[in-house]
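Next comes final_5.cif, a file with mmCIF, C-alpha atoms.
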data_work
loop_
_atom_site.group_PDB
_atom_site.id
_atom_site.type_symbol
_atom_site.label_atom_id
_atom_site.label_comp_id
_atom_site.auth_asym_id
_atom_site.auth_seq_id
_atom_site.Cartn_x
_atom_site.Cartn_y
_atom_site.Cartn_z
ATOM 1 C CA MET A 1 94.117 75.805 86.376
ATOM 2 C CA GLU A 2 97.163 77.924 87.149
ATOM 3 C CA PRO A 3 96.615 80.472 89.923
ATOM 4 C CA GLU A 4 96.795 84.111 88.916
ATOM 5 C CA PRO A 5 100.315 85.528 89.353
ATOM 6 C CA SER A 6 99.033 88.086 91.876
ATOM 7 C CA LEU A 7 97.931 85.261 94.181
ATOM 8 C CA LEU A 8 101.303 83.549 94.218
ATOM 9 C CA ALA A 9 103.687 83.901 97.131
ATOM 10 C CA PRO A 10 105.846 87.028 96.870
ATOM 11 C CA SER A 11 109.612 86.554 96.854
ATOM 12 C CA GLU A 12 109.785 87.613 100.558
ATOM 13 C CA ASP A 13 107.654 84.576 101.394
ATOM 14 C CA LEU A 14 109.937 82.247 99.479
ATOM 15 C CA ALA A 15 113.002 83.752 101.165
ATOM 16 C CA LEU A 16 111.345 83.347 104.566
ATOM 17 C CA VAL A 17 110.507 79.712 103.835
ATOM 18 C CA GLU A 18 114.153 79.114 102.926
ATOM 19 C CA ARG A 19 115.247 80.553 106.275
ATOM 20 C CA LEU A 20 112.722 78.407 108.125
ATOM 21 C CA ARG A 21 113.814 75.274 106.287
ATOM 22 C CA ALA A 22 117.370 76.070 107.320
ATOM 23 C CA GLY A 23 116.215 76.179 110.949
ATOM 24 C CA ASP A 24 116.487 79.962 111.477
ATOM 25 C CA GLU A 25 114.958 80.478 114.913
ATOM 26 C CA GLU A 26 114.708 84.241 114.574
ATOM 27 C CA ALA A 27 112.631 83.876 111.415
ATOM 28 C CA PHE A 28 110.331 81.431 113.170
ATOM 29 C CA GLU A 29 109.851 83.716 116.147
ATOM 30 C CA ALA A 30 108.989 86.624 113.863
ATOM 31 C CA LEU A 31 106.397 84.472 112.115
ATOM 32 C CA LEU A 32 104.950 83.449 115.473
ATOM 33 C CA ARG A 33 104.677 87.028 116.656
ATOM 34 C CA GLN A 34 102.987 87.994 113.433
ATOM 35 C CA HIS A 35 100.315 85.315 113.361
ATOM 36 C CA GLN A 36 99.850 83.587 116.702
ATOM 37 C CA THR A 37 97.106 85.806 118.122
ATOM 38 C CA GLN A 38 95.070 85.747 114.940
ATOM 39 C CA MET A 39 95.508 81.983 114.596
ATOM 40 C CA LEU A 40 94.148 81.529 118.111
ATOM 41 C CA ARG A 41 91.127 83.686 117.317
ATOM 42 C CA VAL A 42 90.382 81.795 114.110
ATOM 43 C CA ALA A 43 90.778 78.422 115.860
ATOM 44 C CA ARG A 44 88.524 79.592 118.672
ATOM 45 C CA MET A 45 85.625 79.957 116.218
ATOM 46 C CA TYR A 46 85.567 76.216 115.596
ATOM 47 C CA VAL A 47 86.273 74.700 119.012
ATOM 48 C CA SER A 48 84.705 74.794 122.458
ATOM 49 C CA SER A 49 87.331 76.553 124.567
ATOM 50 C CA GLN A 50 90.448 78.674 124.572
ATOM 51 C CA ALA A 51 92.465 75.696 125.844
ATOM 52 C CA VAL A 52 91.387 73.561 122.883
ATOM 53 C CA ALA A 53 92.113 76.462 120.518
ATOM 54 C CA GLU A 54 95.666 76.599 121.891
ATOM 55 C CA GLU A 55 96.094 72.876 121.236
ATOM 56 C CA VAL A 56 94.773 73.324 117.708
ATOM 57 C CA VAL A 57 97.221 76.152 117.013
ATOM 58 C CA GLN A 58 100.101 74.111 118.427
ATOM 59 C CA GLU A 59 99.099 71.235 116.152
ATOM 60 C CA ALA A 60 98.832 73.651 113.225
ATOM 61 C CA TRP A 61 102.390 74.896 113.789
ATOM 62 C CA VAL A 62 103.634 71.314 113.757
ATOM 63 C CA GLY A 63 101.712 70.765 110.518
ATOM 64 C CA ILE A 64 103.163 73.961 109.070
ATOM 65 C CA LEU A 65 106.725 72.940 109.939
ATOM 66 C CA GLN A 66 106.222 69.464 108.520
ATOM 67 C CA GLY A 67 104.682 70.891 105.372
ATOM 68 C CA LEU A 68 107.378 73.520 104.783
ATOM 69 C CA GLN A 69 109.347 71.190 102.508
ATOM 70 C CA ARG A 70 106.300 70.902 100.295
ATOM 71 C CA PHE A 71 105.436 74.640 100.195
ATOM 72 C CA GLU A 72 105.564 75.592 96.536
ATOM 73 C CA GLY A 73 104.467 79.207 96.705
ATOM 74 C CA ARG A 74 101.197 78.650 94.892
ATOM 75 C CA SER A 75 99.544 80.909 97.478
ATOM 76 C CA THR A 76 100.977 83.366 99.975
ATOM 77 C CA LEU A 77 102.627 81.770 102.993
ATOM 78 C CA ARG A 78 100.016 83.105 105.425
ATOM 79 C CA THR A 79 97.109 81.845 103.309
ATOM 80 C CA TRP A 80 98.720 78.421 103.222
ATOM 81 C CA MET A 81 99.340 78.514 107.001
ATOM 82 C CA PHE A 82 95.783 79.526 107.829
ATOM 83 C CA ARG A 83 94.374 76.847 105.547
ATOM 84 C CA ILE A 84 96.284 74.219 107.537
ATOM 85 C CA LEU A 85 94.994 75.794 110.737
ATOM 86 C CA THR A 86 91.382 75.957 109.578
ATOM 87 C CA ASN A 87 91.414 72.302 108.517
ATOM 88 C CA ILE A 88 92.756 71.146 111.875
ATOM 89 C CA ALA A 89 90.329 73.387 113.776
ATOM 90 C CA LYS A 90 87.341 72.127 111.794
ATOM 91 C CA THR A 91 88.275 68.485 112.306
ATOM 92 C CA ARG A 92 88.754 69.090 116.007
ATOM 93 C CA GLY A 93 85.438 70.931 116.266
ATOM 94 C CA GLN A 94 83.615 68.093 114.547
ATOM 95 C CA ARG A 95 85.210 65.559 116.869
ATOM 96 C CA GLU A 96 83.995 67.698 119.784
ATOM 97 C CA GLY A 97 80.501 67.389 118.384
ATOM 98 C CA ARG A 98 80.329 70.979 117.237
ATOM 99 C CA SER A 99 78.853 70.487 113.794
ATOM 100 C CA VAL A 100 80.570 73.644 112.526
ATOM 101 C CA PRO A 101 78.068 75.999 114.116
ATOM 102 C CA PHE A 102 80.124 78.978 113.104
ATOM 103 C CA SER A 103 79.271 79.213 109.469
ATOM 104 C CA ALA A 104 80.405 82.482 107.980
ATOM 105 C CA LEU A 105 77.345 84.462 108.922
ATOM 106 C CA ALA A 106 76.519 82.831 112.255
ATOM 107 C CA GLY A 107 75.703 85.230 115.023
ATOM 108 C CA ASP A 108 74.891 87.872 112.479
ATOM 109 C CA ASP A 109 71.390 89.092 111.900
ATOM 110 C CA LEU A 110 71.398 89.377 108.141
ATOM 111 C CA ASP A 111 68.120 91.236 108.011
ATOM 112 C CA ALA A 112 69.322 93.995 110.286
ATOM 113 C CA PRO A 113 70.493 96.803 108.032
ATOM 114 C CA ALA A 114 73.977 98.229 108.529
ATOM 115 C CA MET A 115 72.446 101.723 108.552
ATOM 116 C CA GLU A 116 69.614 103.491 110.275
ATOM 117 C CA ASP A 117 66.272 104.480 108.797
ATOM 118 C CA SER A 118 66.342 107.807 110.578
ATOM 119 C CA TRP A 119 69.318 108.945 108.481
ATOM 120 C CA PHE A 120 67.183 109.225 105.351
ATOM 121 C CA ARG A 121 64.012 110.926 104.192
ATOM 122 C CA GLY A 122 60.942 108.692 104.082
ATOM 123 C CA ALA A 123 58.994 107.343 101.125
ATOM 124 C CA THR A 124 56.482 110.225 101.177
ATOM 125 C CA ASP A 125 59.192 112.880 101.097
ATOM 126 C CA ARG A 126 59.879 114.783 97.915
ATOM 127 C CA TRP A 127 63.371 113.186 97.865
ATOM 128 C CA PRO A 128 62.919 109.744 99.424
ATOM 129 C CA GLY A 129 66.167 108.038 100.400
ATOM 130 C CA SER A 130 68.173 111.282 100.595
ATOM 131 C CA TRP A 131 69.992 112.332 103.758
ATOM 132 C CA ALA A 132 67.577 113.717 106.361
ATOM 133 C CA SER A 133 70.462 115.823 107.665
ATOM 134 C CA LEU A 134 74.111 115.893 106.675
ATOM 135 C CA PRO A 135 76.379 113.390 108.447
ATOM 136 C CA ASP A 136 79.067 114.817 110.737
ATOM 137 C CA ASP A 137 82.039 116.071 108.793
ATOM 138 C CA TRP A 138 85.223 114.492 110.197
ATOM 139 C CA ARG A 139 87.559 116.058 107.689
ATOM 140 C CA GLY A 140 88.753 118.797 110.010
ATOM 141 C CA ILE A 141 89.648 116.432 112.850
ATOM 142 C CA PRO A 142 93.409 116.385 113.418
ATOM 143 C CA ASP A 143 95.223 113.063 113.192
ATOM 144 C CA GLU A 144 96.613 113.297 116.715
ATOM 145 C CA ARG A 145 93.036 113.112 117.976
ATOM 146 C CA LEU A 146 91.900 110.391 115.538
ATOM 147 C CA LEU A 147 94.909 108.162 115.937
ATOM 148 C CA GLY A 148 95.411 108.574 119.678
ATOM 149 C CA GLN A 149 95.389 105.729 122.174
ATOM 150 C CA GLU A 150 91.826 106.477 123.329
ATOM 151 C CA VAL A 151 90.299 106.170 119.866
ATOM 152 C CA ARG A 152 92.283 103.044 119.098
ATOM 153 C CA ALA A 153 91.068 101.410 122.319
ATOM 154 C CA LEU A 154 87.504 102.321 121.389
ATOM 155 C CA VAL A 155 87.848 100.798 117.910
ATOM 156 C CA GLY A 156 89.477 97.697 119.404
ATOM 157 C CA ASP A 157 86.511 97.295 121.753
ATOM 158 C CA ALA A 158 84.062 97.750 118.887
ATOM 159 C CA ILE A 159 85.786 94.950 116.952
ATOM 160 C CA ASP A 160 85.834 92.680 120.008
ATOM 161 C CA GLY A 161 82.074 93.169 120.285
ATOM 162 C CA LEU A 162 81.380 91.994 116.725
ATOM 163 C CA PRO A 163 80.075 88.525 115.807
ATOM 164 C CA PRO A 164 83.157 86.235 115.459
ATOM 165 C CA MET A 165 83.424 86.007 111.672
ATOM 166 C CA GLN A 166 82.889 89.756 111.203
ATOM 167 C CA ALA A 167 85.664 90.393 113.727
ATOM 168 C CA ARG A 168 88.072 87.991 111.973
ATOM 169 C CA VAL A 169 87.376 89.573 108.584
ATOM 170 C CA ILE A 170 87.928 93.173 109.694
ATOM 171 C CA GLU A 171 91.044 92.200 111.675
ATOM 172 C CA LEU A 172 92.629 90.501 108.686
ATOM 173 C CA ARG A 173 91.545 93.089 106.124
ATOM 174 C CA ASP A 174 91.798 96.414 107.907
ATOM 175 C CA VAL A 175 94.104 95.809 110.875
ATOM 176 C CA ARG A 176 96.558 93.523 109.082
ATOM 177 C CA GLY A 177 96.015 94.616 105.512
ATOM 178 C CA TRP A 178 95.379 91.209 103.914
ATOM 179 C CA SER A 179 93.779 91.140 100.453
ATOM 180 C CA SER A 180 90.191 89.966 100.085
ATOM 181 C CA VAL A 181 91.328 86.836 98.216
ATOM 182 C CA GLU A 182 93.686 85.903 101.042
ATOM 183 C CA VAL A 183 90.938 86.366 103.621
ATOM 184 C CA CYS A 184 88.465 84.277 101.600
ATOM 185 C CA ASN A 185 91.000 81.465 101.302
ATOM 186 C CA ALA A 186 92.168 81.556 104.899
ATOM 187 C CA LEU A 187 88.659 81.621 106.380
ATOM 188 C CA GLU A 188 87.098 79.506 103.619
ATOM 189 C CA ILE A 189 84.334 81.967 102.838
ATOM 190 C CA SER A 190 83.016 83.229 99.501
ATOM 191 C CA GLU A 191 83.895 86.661 98.078
ATOM 192 C CA THR A 192 80.308 87.760 98.603
ATOM 193 C CA ASN A 193 80.224 86.670 102.237
ATOM 194 C CA GLN A 194 83.554 88.334 102.855
ATOM 195 C CA ARG A 195 82.194 91.597 101.497
ATOM 196 C CA VAL A 196 78.973 91.414 103.504
ATOM 197 C CA LEU A 197 80.926 90.672 106.689
ATOM 198 C CA LEU A 198 83.388 93.486 106.014
ATOM 199 C CA HIS A 199 80.583 95.925 105.240
ATOM 200 C CA ARG A 200 78.823 95.179 108.525
ATOM 201 C CA ALA A 201 82.003 95.224 110.566
ATOM 202 C CA ARG A 202 83.107 98.560 109.105
ATOM 203 C CA ALA A 203 79.636 100.007 109.646
ATOM 204 C CA ARG A 204 79.818 99.100 113.336
ATOM 205 C CA VAL A 205 83.285 100.557 113.730
ATOM 206 C CA ARG A 206 82.242 103.766 111.946
ATOM 207 C CA HIS A 207 79.220 103.969 114.225
ATOM 208 C CA ALA A 208 81.305 103.530 117.376
ATOM 209 C CA LEU A 209 83.807 106.106 116.202
ATOM 210 C CA GLY A 210 81.024 108.532 115.287
ATOM 211 C CA GLY A 211 79.411 108.208 118.710
ATOM 212 C CA TYR A 212 82.723 108.951 120.382
ATOM 213 C CA LEU A 213 83.629 111.919 118.178
ATOM 214 C CA GLU A 214 80.204 113.467 118.761
ATOM 215 C CA ARG A 215 80.362 112.989 122.545
ATOM 216 C CA GLU A 216 83.920 114.268 122.806
ATOM 217 C CA ARG A 217 83.571 117.208 120.477
ATOM 218 C CA PRO A 218 86.080 119.785 121.689
ATOM 219 C CA MET B 1 66.890 109.428 75.996
ATOM 220 C CA SER B 2 66.355 112.537 78.076
ATOM 221 C CA ASP B 3 68.944 113.982 80.404
ATOM 222 C CA VAL B 4 67.933 113.635 84.029
ATOM 223 C CA THR B 5 68.944 116.650 86.056
ATOM 224 C CA ASP B 6 68.969 114.777 89.388
ATOM 225 C CA VAL B 7 72.350 113.770 90.878
ATOM 226 C CA SER B 8 71.862 110.211 89.603
ATOM 227 C CA ASP B 9 69.354 107.420 89.882
ATOM 228 C CA LEU B 10 71.008 106.115 93.065
ATOM 229 C CA THR B 11 69.585 107.391 96.350
ATOM 230 C CA CYS B 12 71.826 108.304 99.296
ATOM 231 C CA ARG B 13 70.445 105.264 101.105
ATOM 232 C CA GLU B 14 71.616 103.049 98.239
ATOM 233 C CA MET B 15 74.985 104.802 98.236
ATOM 234 C CA VAL B 16 75.486 103.868 101.905
ATOM 235 C CA ALA B 17 74.547 100.257 101.159
ATOM 236 C CA LEU B 18 77.015 100.106 98.256
ATOM 237 C CA VAL B 19 79.964 101.813 99.909
ATOM 238 C CA THR B 20 81.946 98.635 100.630
ATOM 239 C CA GLU B 21 81.397 97.272 97.131
ATOM 240 C CA TYR B 22 82.610 100.609 95.799
ATOM 241 C CA LEU B 23 85.745 100.569 97.945
ATOM 242 C CA GLU B 24 86.368 96.886 97.139
ATOM 243 C CA GLY B 25 86.191 97.622 93.439
ATOM 244 C CA SER B 26 83.460 95.058 92.955
ATOM 245 C CA LEU B 27 80.840 97.293 91.325
ATOM 246 C CA SER B 28 80.235 96.890 87.602
ATOM 247 C CA VAL B 29 81.684 99.631 85.410
ATOM 248 C CA ALA B 30 78.207 101.123 84.948
ATOM 249 C CA ASP B 31 77.380 101.056 88.673
ATOM 250 C CA ARG B 32 80.746 102.544 89.550
ATOM 251 C CA ALA B 33 80.020 105.410 87.168
ATOM 252 C CA ARG B 34 76.583 105.931 88.737
ATOM 253 C CA PHE B 35 78.134 105.868 92.201
ATOM 254 C CA GLU B 36 80.780 108.426 91.284
ATOM 255 C CA GLU B 37 78.279 110.629 89.524
ATOM 256 C CA HIS B 38 76.168 110.785 92.676
ATOM 257 C CA LEU B 39 79.235 111.360 94.819
ATOM 258 C CA MET B 40 80.306 114.393 92.789
ATOM 259 C CA ALA B 41 76.970 116.091 93.357
ATOM 260 C CA CYS B 42 76.130 115.059 96.943
ATOM 261 C CA GLU B 43 77.840 116.546 99.984
ATOM 262 C CA GLY B 44 76.215 114.104 102.427
ATOM 263 C CA CYS B 45 77.555 111.080 100.572
ATOM 264 C CA GLU B 46 80.957 112.680 100.159
ATOM 265 C CA ILE B 47 81.111 113.188 103.932
ATOM 266 C CA TYR B 48 79.861 109.669 104.595
ATOM 267 C CA LEU B 49 82.485 108.107 102.317
ATOM 268 C CA ASP B 50 85.148 110.126 104.116
ATOM 269 C CA GLN B 51 83.840 108.830 107.474
ATOM 270 C CA VAL B 52 84.143 105.233 106.251
ATOM 271 C CA LYS B 53 87.661 105.821 104.896
ATOM 272 C CA THR B 54 88.649 107.487 108.176
ATOM 273 C CA SER B 55 87.313 104.503 110.164
ATOM 274 C CA ILE B 56 89.359 102.148 108.001
ATOM 275 C CA ARG B 57 92.466 104.277 108.561
ATOM 276 C CA VAL B 58 91.962 104.292 112.338
ATOM 277 C CA THR B 59 91.368 100.520 112.313
ATOM 278 C CA GLY B 60 94.680 100.120 110.484
ATOM 279 C CA ARG B 61 96.482 101.677 113.448
ATOM 280 C CA LEU B 62 95.378 99.161 116.050
ATOM 281 C CA ASN B 63 98.149 97.687 118.123
ATOM 282 C CA GLU B 64 99.304 94.173 117.446
ATOM 283 C CA ASP B 65 98.741 91.958 120.459
ATOM 284 C CA SER B 66 101.678 90.345 122.146
ATOM 285 C CA ILE B 67 101.953 86.605 122.673
ATOM 286 C CA PRO B 68 102.172 85.137 126.176
ATOM 287 C CA LEU B 69 105.767 84.165 126.865
ATOM 288 C CA GLU B 70 104.799 80.616 127.795
ATOM 289 C CA GLN B 71 103.263 80.002 124.347
ATOM 290 C CA LEU B 72 106.230 81.594 122.645
ATOM 291 C CA GLU B 73 108.644 79.304 124.500
ATOM 292 C CA ARG B 74 106.582 76.179 123.908
ATOM 293 C CA LEU B 75 106.397 76.835 120.163
ATOM 294 C CA THR B 76 110.028 77.852 119.825
ATOM 295 C CA SER B 77 111.034 74.601 121.481
ATOM 296 C CA ALA B 78 108.744 72.743 119.048
ATOM 297 C CA PHE B 79 110.666 74.484 116.276
ATOM 298 C CA ARG B 80 113.971 73.405 117.780
ATOM 299 C CA SER B 81 112.961 69.750 117.972
ATOM 300 C CA TRP B 82 111.626 69.916 114.396
ATOM 301 C CA LYS B 83 114.961 71.360 113.318
ATOM 302 C CA HIS B 84 116.865 68.497 114.891
ATOM 303 C CA ALA B 85 114.496 65.763 113.754
#
So that I can check it, write out the structure of this file as structure tokens.
Amino acid sequence: MEPEPSLLAPSEDLALVERLRAGDEEAFEALLRQHQTQMLRVARMYVSSQAVAEEVVQEAWVGILQGLQRFEGRSTLRTWMFRILTNIAKTRGQREGRSVPFSALAGDDLDAPAMEDSWFRGATDRWPGSWASLPDDWRGIPDERLLGQEVRALVGDAIDGLPPMQARVIELRDVRGWSSVEVCNALEISETNQRVLLHRARARVRHALGGYLERERP
Amino acid sequence: MSDVTDVSDLTCREMVALVTEYLEGSLSVADRARFEEHLMACEGCEIYLDQVKTSIRVTGRLNEDSIPLEQLERLTSAFRSWKHA
């Protein structure tokens, strides 16, 4: 089956691949800066230590360079790169005797709701399931407060505290702006799992942000 | 069929549970219409949706991490030897 046109590599990807094939060091360094940290985090989910994750990523880069001649643009470049990475990381993890413990939803209590009961009226209320009181309205908060260094550090900490797969999904989707299809392919998870993970991750970030905005109300 | 005067058959609790599916565009046409119908009539859910969108916007402004120089040099030299292979 032919992939949908929207999933194919954009022309920037093809141009970048041409530069890499020609040995353009600047292009390679830009690619490294863009993806290295995230590649390490993804690798780290499958292997036992940071040192092994670094080896896996190094091996992945070698695989990427060797495979460049064969890259046909049937997916975006980053999806293709992360698929190479994930395969190497999985193999390495299995060899280490980690029987892929980090399935998509590992470390995540699926029964725990992403919301709190106290937000809503109870079953005996006249309007069960409606807001018990209105949520805080953030619409008047100026951007300089919302987008300042303090809030960004807080959101970064909230993401670091998430179960690994939730953190990877929100980083790729909301920090880096990948599409859901790209994230599913790169992390080898289903659309449904991706959505559940994103929902939970965003709920936690919203909660952390809400706690801060309430505490620091001017 | 009688016209129901309530906001819609979705509760606010259900709205909160569906918010990501709504934003992802993965609700069915009928469910999307129910969601939007509720949203038009419910201030709490309108505020909540704005909170979620604001969180996403703030998350989008996180700083990219920098790579340790040692890794950068090791990989760039791997690139150089690949180039000359």
Contacts of chain A with chain B up to 6 Å, shortest pair per row, all atoms listed in the file, as a tab-separated table:
residue	atom	partner	partner_atom	distance
A:Gly23	CA	B:Lys83	CA	5.5
A:Gly129	CA	B:Arg13	CA	5.1
A:Ser130	CA	B:Cys12	CA	4.9
A:Leu134	CA	B:Gly44	CA	5.1
A:Asp137	CA	B:Ile47	CA	5.7
A:Arg152	CA	B:Leu62	CA	5.8
A:Asp174	CA	B:Gly60	CA	5.4
A:Val175	CA	B:Gly60	CA	4.4
A:His199	CA	B:Thr20	CA	5.5
A:Arg206	CA	B:Ser55	CA	5.4
Fewer than 6 positions away in the same chain doesn't count, so skip those; otherwise give me all residues within 10 Å of A:Ala201, counting all atoms listed in the file, as a ChimeraX atom specification.
/A:114,158-159,161-163,165-171,195,207
Who sits within 8 Å of A:Val47, all atoms listed in the file, same chain under 4 positions skipped, as a compact mmCIF listing (two decimals) with C-alpha atoms, in the coordinates of the input:
# COMPACT_ATOMS: atom_id res chain seq x y z
CA ALA A 43 90.78 78.42 115.86
CA VAL A 52 91.39 73.56 122.88
CA ALA A 53 92.11 76.46 120.52
CA ALA A 89 90.33 73.39 113.78
CA LYS A 90 87.34 72.13 111.79
CA ARG A 92 88.75 69.09 116.01
CA GLY A 93 85.44 70.93 116.27
CA GLU A 96 84.00 67.70 119.78
CA ARG A 98 80.33 70.98 117.24
Using only C-alpha atoms for the distances, tell me which of A:Gln149, A:Ser133, A:Gln38, A:Gln58 is nearest to A:Phe82.
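Once distances to A:Phe82 are computed over only C-alpha atoms, the minimum belongs to A:Gln38.
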Taking all atoms listed in the file into account, which of A:Gly210, A:Ala153, A:Ser179, A:Arg204 comes nearest A:Ile141?
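The closest residue to A:Ile141 is A:Gly210.
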Selected residue, from A:Leu31, A:Leu77, A:Leu40, A:Ala51, that lies nearest to A:Pro10 when counting only C-alpha atoms:
A:Leu77
Quick one: which residues end up in the PyMOL selection byres ((chain A and resi 132) around 6) for this structure, as an MDAnalysis selection string?
chainID A and resid 119:121 131 133
Using atom CA of A:Asp157 and atom CA of A:Trp61 as the two end points, give the distance in Å to one decimal.
28.6 Å
d(atom CA of A:Met81, atom CA of A:Asp24) in Å:
17.8 Å
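With distances restricted to all atoms listed in the file, A:Leu187 is the closest residue to A:Ile84 from A:Val151, A:Val181, A:Leu187, A:Ala123.
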Report, in Å to a single decimal, how far apart atom CA of A:Val155 and atom CA of A:Leu209 are.
6.9 Å
Evaluate the PyMOL selection byres ((chain A and resi 68) around 10) on the structure here and hand back the selected residues as a PyMOL selection string.
chain A and resi 17-18+20-21+62-67+69-72+77+81
Spell out the residues picked by the PyMOL selection byres ((chain A and resi 194) around 9) here, as an MDAnalysis selection string.
chainID A and resid 104 166 169 180 183:184 189:193 195:199
Show which residues sit within 10 Å of A:Asn185, as a PyMOL selection string. Count all atoms listed in the file, and ignore same-chain residues fewer than 6 positions away.
chain A and resi 75+79-80+82-83+86+191
